[in-house]
$ cat model.cif   # mmCIF, C-alpha atoms
data_run
#
loop_
_atom_site.label_atom_id
_atom_site.label_comp_id
_atom_site.auth_asym_id
_atom_site.auth_seq_id
_atom_site.Cartn_x
_atom_site.Cartn_y
_atom_site.Cartn_z
CA GLY A 79 -33.66 -28.28 21.51
CA GLU A 80 -30.71 -29.41 19.45
CA PRO A 81 -27.62 -27.30 18.85
CA SER A 82 -27.66 -26.41 15.16
CA SER A 83 -24.09 -26.27 13.99
CA ALA A 84 -22.07 -27.07 10.87
CA VAL A 85 -19.35 -28.05 13.34
CA GLU A 86 -21.54 -30.81 14.76
CA ASP A 87 -22.40 -32.03 11.25
CA ALA A 88 -18.72 -32.09 10.31
CA LEU A 89 -17.77 -34.02 13.43
CA LEU A 90 -20.38 -36.65 12.82
CA LEU A 91 -19.25 -37.20 9.23
CA TRP A 92 -15.95 -38.90 10.00
CA TYR A 93 -15.90 -42.20 11.89
CA PRO A 94 -12.26 -43.35 11.98
CA PRO A 95 -11.09 -46.66 13.49
CA PRO A 96 -10.91 -46.62 17.31
CA PRO A 97 -7.50 -46.24 18.95
CA GLU A 98 -5.67 -49.42 19.92
CA GLU A 99 -6.63 -48.86 23.53
CA VAL A 100 -8.83 -46.38 25.37
CA PRO A 101 -7.07 -46.14 28.75
CA THR A 102 -9.08 -45.71 31.91
CA ARG A 103 -8.32 -42.71 34.08
CA ALA A 104 -7.19 -45.14 36.81
CA LYS A 105 -4.46 -46.49 34.51
CA VAL A 106 -3.31 -42.99 33.63
CA ASP A 107 -3.27 -42.10 37.36
CA ALA A 108 -1.20 -45.26 38.04
CA LEU A 109 1.32 -44.28 35.34
CA GLU A 110 1.54 -40.80 36.85
CA GLU A 111 2.27 -42.27 40.29
CA SER A 112 4.97 -44.54 38.85
CA LEU A 113 6.64 -41.67 37.00
CA ARG A 114 6.47 -39.46 40.10
CA ALA A 115 8.11 -42.19 42.21
CA LEU A 116 10.96 -42.57 39.71
CA VAL A 117 11.63 -38.83 39.68
CA GLU A 118 11.55 -38.69 43.49
CA GLN A 119 14.16 -41.45 43.68
CA LEU A 120 16.47 -39.56 41.31
CA GLU A 121 15.84 -36.21 43.03
CA VAL A 122 17.97 -37.22 46.03
CA SER A 123 21.15 -37.35 43.94
CA ALA A 124 20.14 -34.89 41.22
CA GLY A 125 19.37 -32.07 43.63
CA SER A 126 16.09 -30.89 42.10
CA GLN A 127 12.98 -32.29 40.47
CA GLU A 128 13.76 -30.62 37.15
CA ARG A 129 17.29 -32.05 37.01
CA ALA A 130 15.92 -35.45 38.05
CA ILE A 131 13.49 -35.38 35.11
CA ILE A 132 16.30 -34.49 32.69
CA ARG A 133 18.45 -37.27 34.16
CA LEU A 134 15.62 -39.80 33.79
CA PHE A 135 15.25 -38.88 30.13
CA GLY A 136 19.04 -38.52 29.73
CA GLN A 137 19.37 -41.93 28.06
CA PHE A 138 17.73 -40.25 25.08
CA PRO A 139 19.97 -37.21 24.34
CA GLU A 140 17.63 -35.53 21.85
CA ALA A 141 14.69 -35.79 24.25
CA ALA A 142 16.78 -34.46 27.15
CA LYS A 143 17.77 -31.52 24.98
CA SER A 144 14.14 -30.90 24.04
CA LEU A 145 13.13 -30.87 27.70
CA ARG A 146 15.45 -27.90 28.23
CA ALA A 147 14.43 -25.93 25.15
CA GLY A 148 11.46 -26.29 22.82
CA GLY A 149 9.73 -29.09 24.70
CA ILE A 150 9.40 -32.84 24.30
CA LYS A 151 6.77 -34.09 21.81
CA PRO A 152 4.04 -36.65 22.62
CA THR A 153 5.61 -39.32 20.39
CA GLU A 154 8.95 -38.95 22.20
CA PHE A 155 7.21 -39.04 25.56
CA GLU A 156 5.37 -42.27 24.66
CA ARG A 157 8.47 -43.95 23.28
CA ILE A 158 10.67 -43.10 26.26
CA LEU A 159 8.20 -44.13 28.96
CA THR A 160 7.56 -47.46 27.24
CA GLU A 161 11.25 -48.13 26.53
CA LEU A 162 12.14 -47.29 30.15
CA ARG A 163 9.41 -49.75 31.12
CA VAL A 164 7.80 -47.35 33.55
CA HIS A 165 5.06 -49.29 35.32
CA TRP A 166 1.66 -48.88 33.58
CA ALA A 167 3.30 -47.22 30.57
CA SER A 168 1.80 -48.04 27.19
CA ARG A 169 1.39 -46.02 24.02
CA ALA A 170 -2.16 -45.10 25.03
CA THR A 171 -1.57 -44.31 28.73
CA ALA A 172 1.56 -42.25 27.96
CA ARG A 173 -0.30 -40.24 25.32
CA ALA A 174 -3.19 -39.65 27.74
CA LEU A 175 -0.81 -38.48 30.49
CA PHE A 176 0.92 -36.14 28.04
CA ALA A 177 -2.47 -34.67 27.03
CA ARG A 178 -3.32 -34.16 30.72
CA TYR A 179 -0.14 -32.13 31.22
CA ASP A 180 -0.17 -30.28 27.89
CA PHE A 181 -2.72 -27.83 29.19
CA ASP A 182 -2.17 -25.18 26.53
CA GLY A 183 -2.33 -27.77 23.73
CA ASN A 184 0.92 -26.68 22.05
CA GLY A 185 2.14 -30.28 21.70
CA ALA A 186 5.33 -29.83 23.74
CA LEU A 187 6.40 -30.09 27.39
CA LEU A 188 9.45 -28.54 29.02
CA ALA A 189 11.07 -30.14 32.08
CA SER A 190 9.77 -27.28 34.23
CA GLU A 191 6.19 -27.82 32.98
CA LEU A 192 6.41 -31.58 33.46
CA GLY A 193 7.73 -31.16 37.01
CA ALA A 194 5.13 -28.55 37.92
CA MET A 195 2.24 -30.76 36.76
CA LEU A 196 3.72 -34.00 38.13
CA PHE A 197 4.17 -32.58 41.63
CA ARG A 198 1.31 -30.02 41.67
CA ARG A 199 3.61 -27.26 42.86
CA SER A 200 0.97 -24.53 43.03
CA THR A 201 -2.76 -23.96 43.29
CA GLN A 202 -2.74 -23.20 39.57
CA THR A 203 -1.15 -26.52 38.61
CA ARG A 204 -3.46 -28.41 40.99
CA THR A 205 -6.43 -26.75 39.28
CA LYS A 206 -5.00 -27.60 35.86
CA ALA A 207 -4.57 -31.23 36.91
CA THR A 208 -8.19 -31.36 38.09
CA ILE A 209 -9.38 -29.84 34.81
CA GLY A 210 -7.33 -32.41 32.92
CA LYS A 211 -8.95 -35.27 34.81
CA VAL A 212 -12.44 -33.82 34.29
CA ARG A 213 -11.72 -33.56 30.55
CA GLU A 214 -10.70 -37.23 30.56
CA ALA A 215 -13.81 -38.28 32.47
CA LEU A 216 -16.11 -36.43 30.05
CA ALA A 217 -14.25 -37.33 26.84
CA ALA A 218 -13.70 -41.04 27.56
CA ARG A 219 -17.33 -42.09 27.86
CA GLY A 220 -17.31 -43.88 24.47
CA ARG A 221 -15.12 -46.79 23.44
CA SER A 222 -14.59 -45.66 19.86
CA ALA A 223 -14.23 -42.39 17.97
CA LYS A 224 -17.80 -42.66 16.64
CA GLN A 225 -19.25 -43.17 20.13
CA THR A 226 -17.10 -40.42 21.63
CA VAL A 227 -18.40 -37.80 19.18
CA SER A 228 -21.98 -38.92 19.76
CA ASP A 229 -21.42 -38.92 23.51
CA ILE A 230 -20.14 -35.34 23.47
CA VAL A 231 -23.16 -34.16 21.48
CA ARG A 232 -25.40 -35.96 23.98
CA GLN A 233 -23.45 -34.54 26.94
CA PHE A 234 -23.85 -31.01 25.66
CA ARG A 235 -27.59 -31.53 25.46
CA LEU A 236 -27.49 -32.84 29.03
CA PHE A 237 -25.87 -29.56 30.13
CA ASP A 238 -28.03 -27.35 27.90
CA ARG A 239 -31.28 -28.06 29.73
CA ASP A 240 -33.29 -25.21 28.18
CA GLY A 241 -32.19 -26.03 24.60
CA SER A 242 -30.82 -22.53 24.01
CA GLY A 243 -27.61 -23.77 22.40
CA HIS A 244 -25.58 -22.28 25.26
CA VAL A 245 -24.77 -23.35 28.82
CA ASP A 246 -24.79 -20.84 31.68
CA THR A 247 -23.04 -21.22 35.06
CA GLU A 248 -26.06 -22.83 36.75
CA GLU A 249 -26.56 -25.36 33.94
CA PHE A 250 -22.83 -26.08 33.93
CA ALA A 251 -22.73 -26.85 37.65
CA ARG A 252 -25.76 -29.14 37.38
CA GLY A 253 -24.35 -30.88 34.30
CA MET A 254 -21.00 -31.46 35.99
CA GLU A 255 -22.73 -33.08 38.93
CA LEU A 256 -24.74 -35.39 36.66
CA CYS A 257 -21.61 -36.44 34.74
CA LEU A 258 -19.17 -36.75 37.64
CA ARG A 259 -21.12 -37.70 40.76
CA SER A 260 -20.42 -41.41 40.23
CA THR A 261 -16.65 -40.76 40.00
CA ASP A 262 -14.01 -40.00 42.62
CA LEU A 263 -13.72 -36.47 41.17
CA TRP A 264 -16.99 -35.44 42.79
CA PRO A 265 -17.62 -33.21 44.68
CA LEU A 266 -15.67 -30.42 43.02
CA SER A 267 -14.72 -27.39 45.08
CA GLU A 268 -16.36 -24.07 44.21
CA GLY A 269 -12.95 -22.86 43.05
CA ASP A 270 -12.60 -25.83 40.69
CA LYS A 271 -16.10 -25.26 39.31
CA LYS A 272 -15.31 -21.62 38.56
CA ALA A 273 -11.96 -22.53 37.00
CA LEU A 274 -13.60 -25.21 34.87
CA PHE A 275 -16.33 -22.86 33.66
CA LYS A 276 -13.69 -20.26 32.76
CA THR A 277 -11.75 -22.93 30.83
CA PHE A 278 -14.83 -24.01 28.85
CA ASP A 279 -16.03 -20.41 28.27
CA ARG A 280 -13.24 -19.73 25.81
CA ASN A 281 -14.46 -16.32 24.60
CA GLY A 282 -15.33 -15.10 28.11
CA ASP A 283 -18.93 -14.11 27.36
CA GLY A 284 -20.34 -15.92 30.42
CA ARG A 285 -21.87 -18.86 28.55
CA ILE A 286 -20.58 -21.98 26.78
CA ALA A 287 -21.49 -22.69 23.15
CA PHE A 288 -21.34 -26.19 21.63
CA GLU A 289 -18.09 -25.37 19.78
CA GLU A 290 -16.49 -24.20 23.04
CA PHE A 291 -17.71 -27.32 24.83
CA VAL A 292 -16.15 -29.63 22.22
CA ARG A 293 -12.92 -27.68 22.03
CA SER A 294 -12.51 -27.77 25.80
CA LEU A 295 -12.72 -31.56 25.83
CA ARG A 296 -9.98 -31.93 23.24
CA PRO A 297 -6.60 -30.20 23.10
CA GLU A 298 -5.67 -27.85 20.29
CA MET A 299 -4.54 -29.39 17.02
CA PRO A 300 -0.86 -30.38 17.42
CA ARG A 301 1.68 -28.25 15.59
CA GLU A 302 2.61 -31.15 13.30
CA ARG A 303 -1.00 -31.48 12.13
CA ARG A 304 -1.34 -27.71 11.71
CA ASP A 305 1.73 -27.83 9.48
CA VAL A 306 0.17 -30.62 7.40
CA VAL A 307 -3.02 -28.57 6.94
CA ARG A 308 -1.11 -25.40 6.06
CA ARG A 309 0.91 -27.25 3.45
CA ALA A 310 -2.24 -28.78 1.99
CA TYR A 311 -3.80 -25.29 1.81
CA GLY A 312 -0.71 -23.98 0.01
CA LYS A 313 -0.83 -26.80 -2.56
CA LEU A 314 -4.59 -26.30 -3.01
CA CYS A 315 -4.07 -22.59 -3.73
CA SER A 316 -1.24 -23.46 -6.14
CA VAL A 317 -3.50 -25.87 -8.06
CA ALA A 318 -6.23 -23.20 -8.24
CA GLY A 319 -3.72 -20.53 -9.26
CA VAL A 320 -4.59 -18.14 -6.43
CA ASP A 321 -2.59 -16.24 -3.82
CA PRO A 322 -2.88 -17.99 -0.40
CA ARG A 323 -2.84 -14.57 1.29
CA THR A 324 -6.14 -13.56 -0.32
CA GLY A 325 -7.94 -16.91 0.08
CA ILE A 326 -9.31 -19.59 -2.21
CA ARG A 327 -12.83 -19.66 -3.65
CA LEU A 328 -15.30 -22.28 -2.47
CA ARG A 329 -15.91 -23.42 -6.04
CA ASP A 330 -12.19 -24.15 -6.45
CA ILE A 331 -12.25 -26.33 -3.33
CA ALA A 332 -15.42 -28.04 -4.56
CA GLN A 333 -13.74 -28.93 -7.86
CA GLN A 334 -10.78 -30.47 -6.02
CA TYR A 335 -12.62 -32.30 -3.22
CA ASP A 336 -13.26 -36.01 -3.87
CA ALA A 337 -16.43 -36.83 -1.95
CA ALA A 338 -16.36 -40.40 -3.30
CA ARG A 339 -13.53 -41.19 -0.85
CA HIS A 340 -15.67 -40.24 2.14
CA PRO A 341 -16.49 -43.15 4.52
CA ARG A 342 -20.23 -42.34 4.50
CA VAL A 343 -20.36 -42.30 0.69
CA LYS A 344 -18.49 -45.62 0.53
CA LYS A 345 -20.99 -47.14 2.97
CA GLY A 346 -23.99 -45.75 1.06
CA LEU A 347 -25.06 -43.60 4.02
CA SER A 348 -24.73 -40.27 2.20
CA THR A 349 -24.51 -39.08 -1.39
CA ARG A 350 -21.48 -37.25 -2.75
CA GLY A 351 -23.59 -34.10 -3.02
CA GLU A 352 -24.63 -34.26 0.64
CA VAL A 353 -21.06 -34.77 1.82
CA LEU A 354 -19.77 -31.95 -0.41
CA ARG A 355 -22.46 -29.57 0.91
CA VAL A 356 -21.54 -30.22 4.55
CA TYR A 357 -17.83 -29.99 3.74
CA LEU A 358 -18.18 -26.56 2.12
CA GLU A 359 -20.53 -25.24 4.82
CA GLY A 360 -17.83 -25.99 7.38
CA PHE A 361 -15.54 -23.43 5.72
CA ASP A 362 -17.79 -20.54 4.71
CA LYS A 363 -18.64 -19.01 8.09
CA ASP A 364 -19.05 -15.43 6.84
CA GLY A 365 -20.77 -16.23 3.53
CA ASP A 366 -18.17 -14.49 1.34
CA GLU A 367 -17.37 -17.75 -0.55
CA LEU A 368 -13.65 -17.22 0.13
CA VAL A 369 -11.67 -19.51 2.45
CA THR A 370 -8.62 -18.08 4.19
CA GLU A 371 -5.83 -20.18 5.67
CA GLU A 372 -7.20 -19.59 9.20
CA GLU A 373 -10.70 -20.74 8.15
CA PHE A 374 -9.14 -23.80 6.52
CA LEU A 375 -7.20 -24.59 9.72
CA GLU A 376 -10.28 -24.07 11.87
CA TYR A 377 -12.29 -26.59 9.87
CA TYR A 378 -9.59 -29.27 10.08
CA HIS A 379 -9.25 -28.66 13.80
CA TRP A 380 -12.70 -30.24 14.19
CA LEU A 381 -11.82 -33.24 12.04
CA SER A 382 -8.55 -33.60 13.94
CA PHE A 383 -10.68 -33.87 17.07
CA CYS A 384 -12.11 -37.23 16.04
CA ILE A 385 -9.24 -38.77 14.05
CA TYR A 386 -6.83 -40.33 16.54
CA ASP A 387 -4.17 -41.67 14.19
CA ASP A 388 -1.72 -39.08 12.79
CA ARG A 389 -1.09 -41.00 9.58
CA ALA A 390 -4.83 -41.43 8.96
CA PHE A 391 -5.27 -37.67 9.45
CA ARG A 392 -2.53 -36.85 6.92
CA ARG A 393 -3.97 -39.26 4.37
CA MET A 394 -7.46 -37.84 4.82
CA VAL A 395 -6.28 -34.24 4.27
CA PHE A 396 -4.30 -34.91 1.09
CA GLU A 397 -6.32 -37.71 -0.49
CA SER A 398 -9.73 -36.10 -0.02
CA LEU A 399 -8.44 -33.06 -1.92
CA GLN A 400 -6.66 -35.21 -4.53
CA LEU A 401 -3.32 -33.61 -3.68
CA ALA A 402 0.05 -35.31 -3.89
CA ALA A 403 1.70 -35.43 -0.49
CA PRO A 404 4.95 -33.44 -0.11
CA GLU A 405 8.01 -35.66 -0.54
CA ASP A 406 8.98 -35.52 3.14
CA LEU A 407 5.51 -36.83 4.07
CA ALA A 408 5.22 -39.37 1.25
CA GLU A 409 6.20 -42.38 3.37
CA GLU A 410 3.79 -41.40 6.16
CA VAL A 411 0.88 -40.69 3.83
CA ASP A 412 0.99 -43.39 1.20
CA GLY A 413 3.94 -45.64 2.01
CA ARG A 414 6.26 -44.27 -0.69
CA PRO A 415 9.83 -43.74 0.54
CA PRO A 416 10.73 -40.04 0.67
CA ARG A 417 13.06 -38.78 -2.04
CA PRO A 418 16.62 -38.55 -0.61
CA GLU A 419 17.92 -35.03 -0.14
CA ARG A 420 20.72 -33.93 -2.43
#
$ encode --input "model.cif" --output "structure tokens"
Amino acid sequence: GEPSSAVEDALLLWYPPPPEEVPTRAKVDALEESLRALVEQLEVSAGSQERAIIRLFGQFPEAAKSLRAGGIKPTEFERILTELRVHWASRATARALFARYDFDGNGALLASELGAMLFRRSTQTRTKATIGKVREALAARGRSAKQTVSDIVRQFRLFDRDGSGHVDTEEFARGMELCLRSTDLWPLSEGDKKALFKTFDRNGDGRIAFEEFVRSLRPEMPRERRDVVRRAYGKLCSVAGVDPRTGIRLRDIAQQYDAARHPRVKKGLSTRGEVLRVYLEGFDKDGDELVTEEEFLEYYHWLSFCIYDDRAFRRMVFESLQLAAPEDLAEEVDGRPPRPER
């Protein structure tokens, strides 16, 4: 059986360019060891791991401030590790390590969170680290975004042996063994298996749906991307002349959406009508033909899953809906310099 889902159709529509590098888990582990060693060296004089982390990042005042309050962002984390020339640090390995530690997917890490994950201070953080590595092992089976999406669909079918569209605890344990037995992560402890199942079973109903499976392999959409989508929704409602609080009609979105820009249409693999149909089906979950801001965000969460580059994501959101990018995003979206503030 095949999981029938508009989510799966939407994921398979977008095939963005692959990232510059797909780091192996071994490289990410090596970067983690190097960073841990640096912090341990500084801990002797700093007096604590948390203060050592802040001192290490202290050459970058804004980042050090963020580590104390609000949290450091993935772009800052990448830049600092590469500029400090931490062994094994690259844009790709630093981003992967950040994703491993950003367990709640909020796109920010405090010094306390970074220290807890780096040194595995508790059973909970050790379990989180294991879950992070399992996510990496399952998600990094392809070498491009297109292959990764296809691999995850195929992996779900490997877990869902009876074709029901859901995975129970027994199927999950068997699927984990099939996927991980050739790695150094296997065997998993019974505690890790239970914690993993609980992580994947996001609604707690005792079984894992395809959407839950995909979402567990990728972190939540970063706050910066959520802001981009919210702003696009606001502009879309403004163009349609509707109140964003009540939702926008599907037909208004259809009139604004430019299916001709879609990669599959450009390649002659799908017609504009086919792409538009799948696009609209991804929004209208309850059949009321109204799309709320939350439904709009939910749809773009799935596209965010398979578009690695932030600028490409912003361009896709605004250009596909034929919306002018806000002035503060103009340079990032289409290369125009932002209008100076008065």
$ resolve_selection --input "model.cif" --expression "the PyMOL selection byres ((chain A and resi 160) around 12)" --output "ChimeraX atom specification"
/A:109,113,135,153-159,161-173
$ closest_residue --input "model.cif" --among "A:Trp264, A:Met394, A:Asp283, A:Leu368" --to "Tyr335 of chain A" --atoms "all atoms listed in the file"
A:Met394
$ residues_around --input "model.cif" --residues "Val306 of chain A" --least-positions-apart "3" --cutoff "9 Å" --atoms "all atoms listed in the file" --output "PyMOL selection string"
chain A and resi 301-303+309-311+392+395-396+407
$ resolve_selection --input "model.cif" --expression "the PyMOL selection byres ((chain A and resi 304) around 12)" --output "ChimeraX atom specification"
/A:184-185,298-303,305-311,371-372,374-382,388,391-392,395
$ residues_around --input "model.cif" --residues "Ala207 of chain A" --least-positions-apart "2" --cutoff "10 Å" --atoms "only C-alpha atoms" --output "VMD selection string"
chain A and resid 178 to 179 181 195 to 196 198 201 to 205 209 to 213
$ resolve_selection --input "model.cif" --expression "the PyMOL selection byres ((chain A and resi 324) around 9)" --output "list in words"
Val320, Asp321, Pro322, Arg323, Gly325, Ile326, Leu368, Val369, Thr370 and Glu371 of chain A
$ atom_distance --input "model.cif" --atom1 "atom CA of Ile150 of chain A" --atom2 "atom CA of Thr277 of chain A"
24.3 Å
$ closest_residue --input "model.cif" --among "A:Phe250, A:Phe278, A:Phe138, A:Phe361" --to "Leu295 of chain A" --atoms "all atoms listed in the file"
A:Phe278
$ closest_residue --input "model.cif" --among "A:Asp262, A:Glu359, A:Glu367, A:Asp330" --to "Arg103 of chain A" --atoms "all atoms listed in the file"
A:Asp262
$ residues_around --input "model.cif" --residues "Ala186 of chain A" --least-positions-apart "4" --cutoff "8 Å" --atoms "only C-alpha atoms" --output "VMD selection string"
chain A and resid 148 to 152 180
$ atom_distance --input "model.cif" --atom1 "atom CA of Thr247 of chain A" --atom2 "atom CA of Lys271 of chain A"
9.1 Å
$ atom_distance --input "model.cif" --atom1 "atom CA of Ala141 of chain A" --atom2 "atom CA of Leu187 of chain A"
10.5 Å
$ closest_residue --input "model.cif" --among "A:Ala108, A:Leu188, A:Val292, A:Ala251" --to "Ile132 of chain A" --atoms "only C-alpha atoms"
A:Leu188
